[in-house]
Structure formats: C-alpha cells, structure tokens
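What's in upload16.tsv: TSV, C-alpha atoms and all ligand atoms
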```
chain	number	residue	atom	x	y	z
A	172	MET	CA	0.00	0.00	0.00
A	173	HIS	CA	1.36	3.36	-0.96
A	174	GLU	CA	-0.37	5.15	1.92
A	175	LEU	CA	2.78	4.50	3.94
A	176	ALA	CA	4.90	6.26	1.30
A	177	LEU	CA	2.40	9.12	1.19
A	178	ALA	CA	2.47	9.48	4.99
A	179	GLN	CA	6.26	9.68	4.78
A	180	ASN	CA	5.94	12.49	2.21
A	181	ILE	CA	3.56	14.32	4.52
A	182	ILE	CA	6.02	14.08	7.40
A	183	GLU	CA	8.78	15.48	5.16
A	184	THR	CA	6.47	18.33	4.17
A	185	ILE	CA	5.91	19.17	7.84
A	186	HIS	CA	9.64	18.96	8.51
A	187	GLN	CA	10.29	21.47	5.73
A	188	ALA	CA	7.46	23.79	6.70
A	189	VAL	CA	8.27	24.47	10.34
A	190	PRO	CA	11.54	24.54	12.33
A	191	PRO	CA	12.58	21.40	14.27
A	192	GLU	CA	12.08	22.99	17.72
A	193	THR	CA	8.35	23.37	16.93
A	194	TRP	CA	7.71	19.81	15.68
A	195	LYS	CA	6.62	18.76	19.15
A	196	ASP	CA	3.97	21.53	19.13
A	197	VAL	CA	2.22	20.35	15.98
A	198	ARG	CA	-1.25	19.21	16.99
A	199	VAL	CA	-3.10	18.88	13.69
A	200	VAL	CA	-2.07	18.32	10.10
A	201	ARG	CA	-4.98	19.12	7.76
A	202	LEU	CA	-5.32	17.37	4.43
A	203	GLN	CA	-7.69	17.54	1.50
A	204	VAL	CA	-8.21	14.17	-0.12
A	205	GLY	CA	-10.50	13.74	-3.11
A	206	THR	CA	-12.80	10.72	-3.01
A	207	MET	CA	-11.25	9.67	-6.35
A	208	ALA	CA	-7.64	10.34	-5.36
A	209	GLY	CA	-6.97	6.61	-5.07
A	210	VAL	CA	-6.13	6.94	-1.40
A	211	VAL	CA	-7.77	5.23	1.56
A	212	PRO	CA	-8.07	7.89	4.32
A	213	ASP	CA	-8.06	5.33	7.15
A	214	SER	CA	-4.85	3.71	5.89
A	215	LEU	CA	-3.22	7.10	5.47
A	216	GLN	CA	-4.17	8.04	9.02
A	217	PHE	CA	-3.02	4.68	10.34
A	218	SER	CA	0.34	4.96	8.51
A	219	PHE	CA	0.89	8.50	9.74
A	220	THR	CA	0.20	7.57	13.35
A	221	ALA	CA	2.53	4.59	13.11
A	222	LEU	CA	5.35	6.64	11.61
A	223	VAL	CA	5.22	9.58	14.04
A	224	SER	CA	4.95	7.49	17.17
A	225	GLY	CA	8.04	8.01	19.32
A	226	THR	CA	9.11	11.08	17.29
A	227	PRO	CA	8.69	14.81	18.06
A	228	LEU	CA	5.58	14.76	15.82
A	229	GLU	CA	3.82	12.18	17.93
A	230	GLU	CA	1.20	14.63	19.26
A	231	ALA	CA	0.13	15.49	15.72
A	232	ARG	CA	-3.17	14.10	14.54
A	233	MET	CA	-4.26	13.94	10.93
A	234	GLU	CA	-7.50	15.59	9.91
A	235	ILE	CA	-8.74	14.65	6.46
A	236	GLN	CA	-11.32	16.70	4.61
A	237	GLN	CA	-12.82	14.54	1.88
A	238	ILE	CA	-13.50	16.40	-1.37
A	239	PRO	CA	-16.41	15.08	-3.45
A	240	PHE	CA	-15.99	13.99	-7.06
A	241	VAL	CA	-17.69	16.65	-9.17
A	242	VAL	CA	-18.15	16.44	-12.92
A	243	GLU	CA	-19.12	19.44	-15.03
A	244	CYS	CA	-20.87	18.74	-18.32
A	245	GLU	CA	-19.83	20.64	-21.43
A	246	THR	CA	-22.97	19.45	-23.20
A	247	CYS	CA	-25.77	20.46	-20.82
A	248	GLY	CA	-23.84	22.70	-18.42
A	249	GLN	CA	-24.95	20.82	-15.28
A	250	THR	CA	-22.62	19.65	-12.56
A	251	SER	CA	-23.15	16.27	-10.96
A	252	THR	CA	-21.46	14.26	-8.28
A	253	ASN	CA	-21.02	10.55	-7.65
A	254	ASP	CA	-18.83	8.29	-5.58
A	255	THR	CA	-18.13	5.72	-8.28
A	256	GLY	CA	-15.70	7.80	-10.34
A	257	ILE	CA	-17.83	7.72	-13.47
A	258	SER	CA	-16.94	10.75	-15.58
A	259	CYS	CA	-20.11	10.83	-17.67
A	260	CYS	CA	-22.64	13.55	-16.90
A	261	GLY	CA	-25.11	12.41	-14.22
A	262	GLU	CA	-27.83	14.55	-15.81
A	263	CYS	CA	-27.66	13.86	-19.55
A	264	GLY	CA	-25.13	11.02	-19.80
A	265	SER	CA	-22.73	12.93	-22.06
A	266	GLY	CA	-19.07	11.94	-21.98
A	267	ASN	CA	-17.99	15.47	-22.83
A	268	THR	CA	-17.24	16.52	-19.26
A	269	ARG	CA	-14.60	18.10	-17.09
A	270	ILE	CA	-13.64	16.95	-13.63
A	271	ARG	CA	-13.97	19.86	-11.24
A	272	SER	CA	-12.85	18.20	-8.01
A	273	GLY	CA	-12.30	14.88	-6.30
A	274	THR	CA	-8.71	14.04	-7.23
A	275	GLU	CA	-6.99	16.33	-4.68
A	276	LEU	CA	-4.25	15.08	-2.41
A	277	GLN	CA	-2.70	17.97	-0.55
A	278	VAL	CA	-1.55	19.22	2.81
A	279	VAL	CA	-3.57	22.35	3.57
A	280	ASN	CA	-2.21	23.59	6.89
A	281	LEU	CA	-0.79	22.77	10.31
A	282	GLU	CA	-2.09	23.74	13.69
A	283	LEU	CA	0.55	24.37	16.34
A	284	GLU	CA	0.02	24.79	20.03
A	285	ASP	CA	1.38	28.16	21.13
A	286	VAL	CA	4.23	27.72	23.54
A	287	GLN	CA	3.75	29.88	26.64
A	288	GLU	CA	6.40	32.56	27.00
A	289	GLU	CA	8.36	32.24	30.21
A	290	ALA	CA	6.94	34.64	32.79
A	291	VAL	CA	9.54	37.20	33.79
B	177	MET	CA	-3.26	27.70	18.52
B	178	SER	CA	-1.57	29.09	15.47
B	179	ILE	CA	-2.07	27.99	11.88
B	180	VAL	CA	0.73	27.51	9.37
B	181	MET	CA	-0.55	27.45	5.79
B	182	ILE	CA	1.08	24.82	3.57
B	183	GLU	CA	-1.13	24.13	0.52
B	184	ARG	CA	1.29	21.71	-1.00
B	185	LYS	CA	0.49	18.58	-2.98
B	186	VAL	CA	1.56	15.48	-1.10
B	187	LEU	CA	3.31	14.27	-4.25
B	188	GLN	CA	4.80	17.61	-5.21
B	189	LYS	CA	8.38	16.38	-5.01
B	190	ASN	CA	7.56	13.41	-7.25
B	191	ASP	CA	5.76	15.71	-9.69
B	192	GLU	CA	8.78	18.02	-9.91
B	193	ILE	CA	11.11	15.14	-10.77
B	194	ALA	CA	8.54	13.84	-13.26
B	195	ARG	CA	8.60	17.25	-14.92
B	196	ARG	CA	12.39	16.98	-15.25
B	197	ASN	CA	12.05	13.53	-16.81
B	198	ARG	CA	9.41	14.84	-19.20
B	199	ALA	CA	11.67	17.71	-20.27
B	200	LEU	CA	14.48	15.23	-20.89
B	201	PHE	CA	12.23	13.03	-23.06
B	202	PHE	CA	11.04	16.07	-24.96
B	203	SER	CA	14.55	17.34	-25.63
B	204	HIS	CA	15.48	13.95	-27.12
B	205	GLY	CA	12.26	13.55	-29.08
B	206	THR	CA	11.52	10.37	-27.12
B	207	PHE	CA	7.93	9.23	-26.71
B	208	ALA	CA	7.64	7.68	-23.23
B	209	ILE	CA	4.84	5.44	-22.05
B	210	ASN	CA	4.07	4.13	-18.58
B	211	LEU	CA	2.64	0.62	-18.91
B	212	VAL	CA	0.43	-0.40	-15.99
B	213	SER	CA	-1.77	-3.38	-15.11
B	214	SER	CA	-2.49	-6.01	-12.48
B	215	PRO	CA	0.20	-8.70	-12.17
B	216	GLY	CA	-0.02	-11.10	-15.09
B	217	SER	CA	-2.23	-9.11	-17.48
B	218	GLY	CA	0.51	-9.31	-20.10
B	219	LYS	CA	2.65	-6.15	-19.88
B	220	THR	CA	5.92	-7.93	-20.59
B	221	SER	CA	4.34	-10.05	-23.33
B	222	ILE	CA	2.96	-6.93	-25.03
B	223	LEU	CA	6.37	-5.33	-24.75
B	224	GLU	CA	7.92	-8.34	-26.46
B	225	ARG	CA	5.37	-8.33	-29.29
B	226	THR	CA	5.89	-4.56	-29.68
B	227	LEU	CA	9.68	-4.94	-29.84
B	228	GLU	CA	9.33	-7.68	-32.46
B	229	HIS	CA	6.96	-5.59	-34.53
B	230	LEU	CA	9.02	-2.40	-34.48
B	231	LYS	CA	12.38	-4.12	-34.80
B	232	GLY	CA	14.69	-2.57	-37.39
B	233	GLU	CA	12.27	0.33	-37.82
B	234	LEU	CA	12.87	2.44	-34.74
B	235	GLN	CA	14.92	2.29	-31.58
B	236	VAL	CA	12.94	1.21	-28.51
B	237	ALA	CA	14.31	1.17	-24.95
B	238	VAL	CA	12.70	-0.32	-21.87
B	239	ILE	CA	12.72	0.40	-18.16
B	240	GLU	CA	11.53	-2.62	-16.19
B	241	GLY	CA	10.03	-2.09	-12.77
B	242	ASP	CA	9.83	-5.20	-10.66
B	243	ILE	CA	9.34	-5.74	-6.96
B	244	GLN	CA	11.95	-8.44	-6.61
B	245	THR	CA	13.44	-9.99	-9.77
B	246	ASP	CA	15.09	-9.22	-13.11
B	247	LEU	CA	13.21	-11.97	-14.96
B	248	ASP	CA	11.24	-9.56	-17.15
B	249	ALA	CA	14.35	-7.51	-17.94
B	250	ARG	CA	16.04	-10.70	-19.19
B	251	ARG	CA	13.05	-11.49	-21.40
B	252	ILE	CA	13.35	-8.00	-22.92
B	253	ALA	CA	17.15	-8.13	-23.29
B	254	SER	CA	16.80	-11.31	-25.33
B	255	HIS	CA	15.10	-9.14	-27.98
B	256	GLY	CA	18.20	-6.96	-28.23
B	257	ALA	CA	16.57	-3.82	-26.82
B	258	PRO	CA	18.42	-1.66	-24.28
B	259	VAL	CA	16.81	-2.33	-20.91
B	260	VAL	CA	17.37	-0.92	-17.44
B	261	GLN	CA	16.03	-2.82	-14.46
B	262	ILE	CA	14.59	-1.10	-11.40
B	263	VAL	CA	14.07	-3.41	-8.44
B	264	THR	CA	11.76	-1.62	-6.00
B	265	HIS	CA	12.48	-4.03	-3.11
B	266	GLY	CA	8.89	-4.43	-2.11
B	267	ALA	CA	7.54	-1.01	-3.08
B	268	CYS	CA	4.30	-1.38	-4.99
B	269	HIS	CA	4.89	1.32	-7.61
B	270	LEU	CA	7.61	3.19	-9.50
B	271	GLU	CA	8.39	6.79	-8.56
B	272	ALA	CA	9.80	9.54	-10.77
B	273	GLN	CA	13.06	9.48	-8.82
B	274	LEU	CA	13.65	5.80	-9.62
B	275	VAL	CA	13.05	6.50	-13.29
B	276	GLU	CA	15.39	9.49	-13.23
B	277	ASP	CA	18.10	7.27	-11.71
B	278	ALA	CA	17.47	4.59	-14.33
B	279	LEU	CA	17.74	7.18	-17.10
B	280	SER	CA	21.35	7.86	-16.19
B	281	ASN	CA	22.04	4.36	-17.54
B	282	LEU	CA	20.28	4.93	-20.86
B	283	ASP	CA	21.42	6.96	-23.84
B	284	LEU	CA	18.19	8.47	-25.15
B	285	ALA	CA	19.82	10.09	-28.18
B	286	GLU	CA	18.62	7.42	-30.63
B	287	VAL	CA	15.66	6.23	-28.59
B	288	ARG	CA	12.32	7.13	-30.22
B	289	LEU	CA	10.15	5.07	-27.88
B	290	LEU	CA	10.72	4.40	-24.18
B	291	ILE	CA	8.41	1.92	-22.52
B	292	ILE	CA	8.38	1.84	-18.74
B	293	GLU	CA	6.84	-1.36	-17.36
B	294	ASN	CA	5.45	-0.44	-13.96
B	295	VAL	CA	5.02	-2.78	-11.01
B	296	GLY	CA	1.92	-4.97	-11.39
B	297	ASN	CA	-0.67	-3.03	-9.41
B	298	LEU	CA	-3.76	-1.05	-10.45
B	299	VAL	CA	-3.91	1.17	-7.37
B	300	CYS	CA	-0.69	2.89	-6.39
B	301	PRO	CA	0.93	3.62	-9.79
B	302	ALA	CA	-2.10	5.79	-10.65
B	303	ASN	CA	-0.84	8.50	-8.29
B	304	TYR	CA	2.75	8.65	-9.49
B	305	ASP	CA	3.62	10.65	-12.58
B	306	LEU	CA	6.91	9.34	-13.98
B	307	GLY	CA	7.22	11.96	-16.72
B	308	GLU	CA	5.61	9.76	-19.37
B	309	ALA	CA	3.63	11.17	-22.28
B	310	VAL	CA	0.84	8.67	-21.66
B	311	LYS	CA	-0.17	5.92	-19.30
B	312	VAL	CA	-1.29	2.74	-21.03
B	313	VAL	CA	-3.38	0.36	-18.93
B	314	VAL	CA	-3.65	-3.34	-19.76
B	315	VAL	CA	-6.59	-5.48	-18.69
B	316	SER	CA	-6.87	-9.08	-19.76
B	317	THR	CA	-10.10	-10.88	-20.54
B	318	THR	CA	-9.44	-13.31	-17.69
B	319	GLU	CA	-9.81	-10.51	-15.15
B	320	GLY	CA	-13.49	-9.84	-15.77
B	321	ASP	CA	-15.23	-6.79	-17.15
B	322	ASP	CA	-15.60	-4.78	-13.94
B	323	LYS	CA	-11.93	-3.80	-13.48
B	324	PRO	CA	-12.43	-0.19	-14.64
B	325	LEU	CA	-15.15	0.35	-12.02
B	326	LYS	CA	-12.96	-1.12	-9.28
B	327	TYR	CA	-9.88	0.94	-10.16
B	328	PRO	CA	-11.30	4.19	-11.55
B	329	ALA	CA	-8.23	6.35	-10.81
B	330	MET	CA	-6.01	4.23	-13.03
B	331	PHE	CA	-8.45	4.22	-15.91
B	332	ARG	CA	-9.04	7.96	-15.58
B	333	ASN	CA	-5.32	8.70	-15.70
B	334	SER	CA	-4.64	6.45	-18.69
B	335	SER	CA	-4.92	7.44	-22.34
B	336	VAL	CA	-4.95	3.97	-23.85
B	337	LEU	CA	-6.56	0.69	-22.78
B	338	LEU	CA	-5.22	-2.58	-24.15
B	339	ILE	CA	-7.70	-5.42	-23.70
B	340	ASN	CA	-5.28	-8.32	-23.78
B	341	LYS	CA	-5.65	-12.13	-24.01
B	342	ILE	CA	-8.46	-11.60	-26.48
B	343	ASP	CA	-7.69	-15.15	-27.73
B	344	LEU	CA	-9.12	-16.48	-24.44
B	345	LEU	CA	-12.50	-14.81	-24.89
B	346	PRO	CA	-14.32	-18.04	-25.81
B	347	TYR	CA	-13.20	-19.65	-22.55
B	348	VAL	CA	-13.79	-16.92	-20.00
B	349	ASP	CA	-16.74	-15.07	-18.58
B	350	CYS	CA	-15.92	-11.61	-19.85
B	351	ASP	CA	-18.38	-9.39	-21.68
B	352	LEU	CA	-16.23	-7.32	-24.02
B	353	GLU	CA	-18.90	-4.72	-24.67
B	354	ARG	CA	-19.49	-4.25	-20.96
B	355	LEU	CA	-15.75	-3.94	-20.36
B	356	ARG	CA	-15.53	-1.21	-23.00
B	357	LYS	CA	-18.61	0.53	-21.66
B	358	ASN	CA	-17.29	0.46	-18.09
B	359	ALA	CA	-13.91	1.82	-19.15
B	360	LEU	CA	-15.43	4.60	-21.24
B	361	SER	CA	-17.81	5.60	-18.44
B	362	ILE	CA	-14.77	6.30	-16.27
B	363	ASN	CA	-12.77	7.88	-19.07
B	364	PRO	CA	-14.66	8.75	-22.28
B	365	GLY	CA	-11.39	9.76	-23.95
B	366	LEU	CA	-9.74	6.30	-23.78
B	367	THR	CA	-8.34	4.84	-26.98
B	368	ILE	CA	-8.96	1.08	-26.89
B	369	PHE	CA	-7.17	-1.79	-28.64
B	370	GLU	CA	-7.93	-5.51	-28.36
B	371	THR	CA	-4.75	-7.56	-28.37
B	372	SER	CA	-3.49	-11.08	-28.10
B	373	CYS	CA	0.15	-11.86	-27.49
B	374	VAL	CA	-0.51	-15.41	-28.72
B	375	SER	CA	-2.30	-14.81	-32.04
B	376	LYS	CA	-0.78	-11.29	-32.31
B	377	GLN	CA	-4.22	-9.88	-33.07
B	378	GLY	CA	-4.22	-6.11	-32.60
B	379	VAL	CA	-0.45	-5.77	-32.30
B	380	LYS	CA	-0.29	-4.12	-35.71
B	381	GLU	CA	-2.98	-1.57	-34.80
B	382	TRP	CA	-1.37	-0.82	-31.43
B	383	CYS	CA	2.01	-0.30	-33.08
B	384	ALA	CA	0.44	1.94	-35.74
B	385	TRP	CA	-0.90	4.13	-32.94
B	386	LEU	CA	2.56	4.21	-31.33
B	387	ARG	CA	4.15	5.10	-34.65
B	388	SER	CA	1.78	8.04	-35.16
B	389	LYS	CA	2.65	9.40	-31.71
B	390	ILE	CA	6.37	8.87	-32.18
B	391	PHE	CA	6.24	10.65	-35.52
B	392	PHE	CA	4.53	13.60	-33.88
B	393	VAL	CA	6.92	13.81	-30.91
B	394	SER	CA	10.14	13.46	-32.86
B	395	ARG	CA	9.09	16.23	-35.25
B	396	SER	CA	8.03	18.81	-32.67
A	401	LIG	N1	-3.46	-16.71	-23.82
A	401	LIG	C1	-2.74	-15.58	-23.63
A	401	LIG	N2	-1.80	-15.55	-22.67
A	401	LIG	C2	-1.09	-14.40	-22.51
A	401	LIG	C3	-1.30	-13.27	-23.34
A	401	LIG	N3	-0.46	-12.28	-22.93
A	401	LIG	C4	0.25	-12.78	-21.89
A	401	LIG	N4	-0.11	-14.07	-21.64
A	401	LIG	C5	0.43	-14.95	-20.59
A	401	LIG	O1	0.09	-14.39	-19.31
A	401	LIG	C6	1.13	-14.60	-18.38
A	401	LIG	C7	1.60	-13.27	-17.78
A	401	LIG	O2	2.15	-12.46	-18.80
A	401	LIG	P1	3.22	-11.33	-18.53
A	401	LIG	O3	3.52	-10.70	-19.84
A	401	LIG	O4	4.36	-11.87	-17.74
A	401	LIG	O5	2.37	-10.32	-17.60
A	401	LIG	P2	2.84	-9.07	-16.72
A	401	LIG	O6	2.93	-9.54	-15.31
A	401	LIG	O7	1.72	-8.06	-16.87
A	401	LIG	O8	4.13	-8.57	-17.28
A	401	LIG	C8	2.23	-15.32	-19.13
A	401	LIG	O9	2.12	-16.69	-18.87
A	401	LIG	C9	1.93	-15.00	-20.59
A	401	LIG	O10	2.39	-16.00	-21.47
A	401	LIG	C10	-2.30	-13.35	-24.36
A	401	LIG	O11	-2.56	-12.42	-25.12
A	401	LIG	N5	-2.99	-14.53	-24.46
A	402	MG	MG	6.00	-8.20	-16.37
A	403	ZN	ZN	-24.89	16.79	-19.28
```

I'd like the structure from this file rewritten - as structure tokens, please.
Amino acid sequence: MHELALAQNIIETIHQAVPPETWKDVRVVRLQVGTMAGVVPDSLQFSFTALVSGTPLEEARMEIQQIPFVVECETCGQTSTNDTGISCCGECGSGNTRIRSGTELQVVNLELEDVQEEAV
Amino acid sequence: MSIVMIERKVLQKNDEIARRNRALFFSHGTFAINLVSSPGSGKTSILERTLEHLKGELQVAVIEGDIQTDLDARRIASHGAPVVQIVTHGACHLEAQLVEDALSNLDLAEVRLLIIENVGNLVCPANYDLGEAVKVVVVSTTEGDDKPLKYPAMFRNSSVLLINKIDLLPYVDCDLERLRKNALSINPGLTIFETSCVSKQGVKEWCAWLRSKIFFVSRS
C-alpha cells in the first residue's frame, strides 16, 4: 500500500514547513483528499500515526477533509457528483465533461500549540 | 493555537522530478509510455510483441520495474533492446526518482520510444507521474469486465486501454462490450485496442498508434 509512502511524504512536508524545535507543538495536520484520489483515508491516518509514534511529531493528529468527485458537463452545463468515479454527466449522460474536483491530495495547513512565554 | 498554511500537494516532489524527466524526453524527441496493469495481465508479453513488430524500424528502450526480480528484464534483453532494471524491493509502484536514476544508464539520443513497465498493481501507480507522455493500462479478458469500475483512478489517468488475451475470450466469462462501456464511463477519452500476445491480433494496430505518436513527438 502506498499510503505508507504518502504518509512519509507528509512528514517530510511538515519537517520542511516548520523549524525542528516546533515539531513537538504540531497538533493537527490538515489534508484535502479527493474521493477519487486513489487513497484510503483510514490507511493514510493509520500509517501516519505509526510513523510519528516516538518522534517529536507524535502529538500530531491527521484531519482529512474529503473532497467530493464533481463532474461538469460541457454538453448540458450541469454539474453532478457521484462516488463511483464515473466521468459521464449524471444529468444527460454525455461523456464530454470536465472533472472539477475529487482528485486532490494535498496538505492544507498545520495547527501548532502556542508555547507559553516564560513569565519574567 | 496558530495555523501555518502549507497548501502543497503530497506528491509535489515526485511531480517536480517527473517534470524533469518529461523535459528530458522532450529534448530527445523520445515518446515515453508508462505501462500499468495487475500482475499477469501481459505487460511484458505486449512489450515483447511490440519490440518484435518495431524491430529494425525504430529504436525502442525499456525500463523494467519489478518488486523483486530481473526476470522480465532478461526477457526484454533477449530481444536486443536496451533495458534498465529497477528493483523496487517491495515497493508497490515506480516513482519519478527511480526513473530518473534509471535514465542515467540509458542513452536516449537514438531512442524514439521508451516503454516503462510499472510494477503490477492497479492502485498505487495511478498516483505517481513518472514523466511519461501517456499511461497505457492493460486489462486481460481473464480478469473480468468490472476492473475499470474497481480501479477508476487508473483508468481515468490512462490514455490507452489494451484489452489483452483476447484469444481467451471463448473460454472466460468476460463481456467485451461491458468492459468497453465500463472503461469509457470512467474515461470517455480512452483509446482502446484488443490484443493477443498469442495470435498477435491487434499488435499491428497498437504499433500503428505508437508510430503516429512517435512521428509527432520526434518532429516537434
Ligand atoms: N493466452 C494468452 N496468454 C497471454 C497473453 N499475454 C500474456 N499471456 C500470458 O500471461 C502470463 C503473464 O504475462 P506477462 O507478460 O508476464 O504479464 P505481466 O505480469 O503483466 O508482465 C504469461 O504466462 C503469458 O504468457 C495473451 O494475449 N494470451
Ligand atoms: Mg512483467
Ligand atoms: Zn450533461
């Protein structure tokens, strides 16, 4: 399963995005995953948790926003959505369509716990 | 809590390397295809029939992805084509980086067609751009007609579908029309060929399609 490789990429992305001394403060990593991205969210989450355990990122939890598969029809102008990945228009059946969303696989943002300043 | 915006594709690094590979293919006028299927659908057999058919006409090179062995690479080498083996050591797909590494062992100058045989898997390779011009997906008649519906991402990302082992049609429960219909419902733009590596049916048509693409790439 390539979810393990993807989780590794996500960890590298975090490592590049914020300095090492703040890795322990990362609480949430937010992802957008299209329903047709070819990725199983549960496996991705499982892989991520397994990989960060015992590392500075171990308090980070993965939050996945699933993006629906949306097809826009060039023939009738309607948009339709389905969870089978069929690209034909759900309204008129035309194959002349464009995929508007549902194939995303990206890290959106991180949430870090603010470290309290030492009281003087 | 503070928010750090990232907005970065998970596979961005792979995509950047793939772009480099693509630029390299373009600069050499090499048409590169990424051949994907389940294990055993006939990728290596199709490669062999393709090499036979195009032999003496144009230079074809092969990159062989395999989880563990170099058996397929040896089959290809016996046809006299330059072949580079990538052993992924368990990884279920090729990545652009592995292809870039393999390319350092290939002189593309005379190569008009590069065929990359991916690891047998219809899930993971769909996500990884290798820099190819097109993905070509192979399904054999023994696998049933519902494959496109089970692996939509792969069929969406492919430009060509080869329905292989067409010689076995009388013996298996596969409705060819339904297979075509399922594939086209996922990707209406698919070009479809029916092939047999035994009777060689469809090999000529498939190679004619390749030739037209190669002609276009090497002239642009
Ligand atoms: N009957 C029949 N057998 C085929 C055909 N193509 C491949 N095979 C057989 O299917 C098996 C797997 O083929 P191979 O090319 O190694 O598949 P790969 O794993 O996708 O590379 C081999 O035993 C081939 O001889 C075909 O068109 N017809
Ligand atoms: Mg093979
Ligand atoms: Zn429509």

Output as CSV one row per residue of chain A within 6 Å of chain B: the closest atom pair and its distance in Å to one decimal place, counting all atoms listed in the file, sorted by chain and residue number ascending.
```
residue,atom,partner,partner_atom,distance
A:His173,CA,B:Cys300,CA,5.8
A:Gly209,CA,B:Ala329,CA,5.9
A:Gly256,CA,B:Pro328,CA,5.8
A:Ile257,CA,B:Ile362,CA,4.4
A:Ser258,CA,B:Ile362,CA,5.0
A:Cys259,CA,B:Ser361,CA,5.8
A:Gly266,CA,B:Pro364,CA,5.5
A:Leu276,CA,B:Lys185,CA,5.9
A:Gln277,CA,B:Lys185,CA,4.1
A:Val278,CA,B:Arg184,CA,5.4
A:Val279,CA,B:Glu183,CA,4.3
A:Asn280,CA,B:Met181,CA,4.3
A:Leu281,CA,B:Val180,CA,5.1
A:Glu282,CA,B:Ile179,CA,4.6
A:Leu283,CA,B:Ser178,CA,5.2
A:Glu284,CA,B:Met177,CA,4.6
A:Asp285,CA,B:Met177,CA,5.3
```

- Message: Distance limit 7 Å, reference ligand MG 402 (chain A), atoms considered: only C-alpha atoms and all ligand atoms. Which residues make the cut? Give them as a list in words.
- Response: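 Counting only what the definition allows, namely only C-alpha atoms and all ligand atoms, the set is Gly216, Gly218, Lys219, Thr220, Asp248 and Glu293 of chain B.
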
Now that the selection is made, can you save its residues with C-alpha atoms as a compact mmCIF listing (two decimals), in the coordinates of the input?
```txt
# COMPACT_ATOMS: atom_id res chain seq x y z
CA GLY B 216 -0.02 -11.10 -15.09
CA GLY B 218 0.51 -9.31 -20.10
CA LYS B 219 2.65 -6.15 -19.88
CA THR B 220 5.92 -7.93 -20.59
CA ASP B 248 11.24 -9.56 -17.15
CA GLU B 293 6.84 -1.36 -17.36
```

- ligand ZN 403 (chain A): which residues are within 7 Å, counting all atoms listed in the file, as number ranges by chain? A: 244-249, 260-265

- So how far away is CA of Gly266 (chain B) from CA of Ala221 (chain A), in Å? 18.8 Å

- With only C-alpha atoms and all ligand atoms counted, collect every polymer residue having an atom within 6 Å of ligand LIG 401 (chain A); state the result as a ChimeraX atom specification. /B:215-221,340-341,343-344,372-374
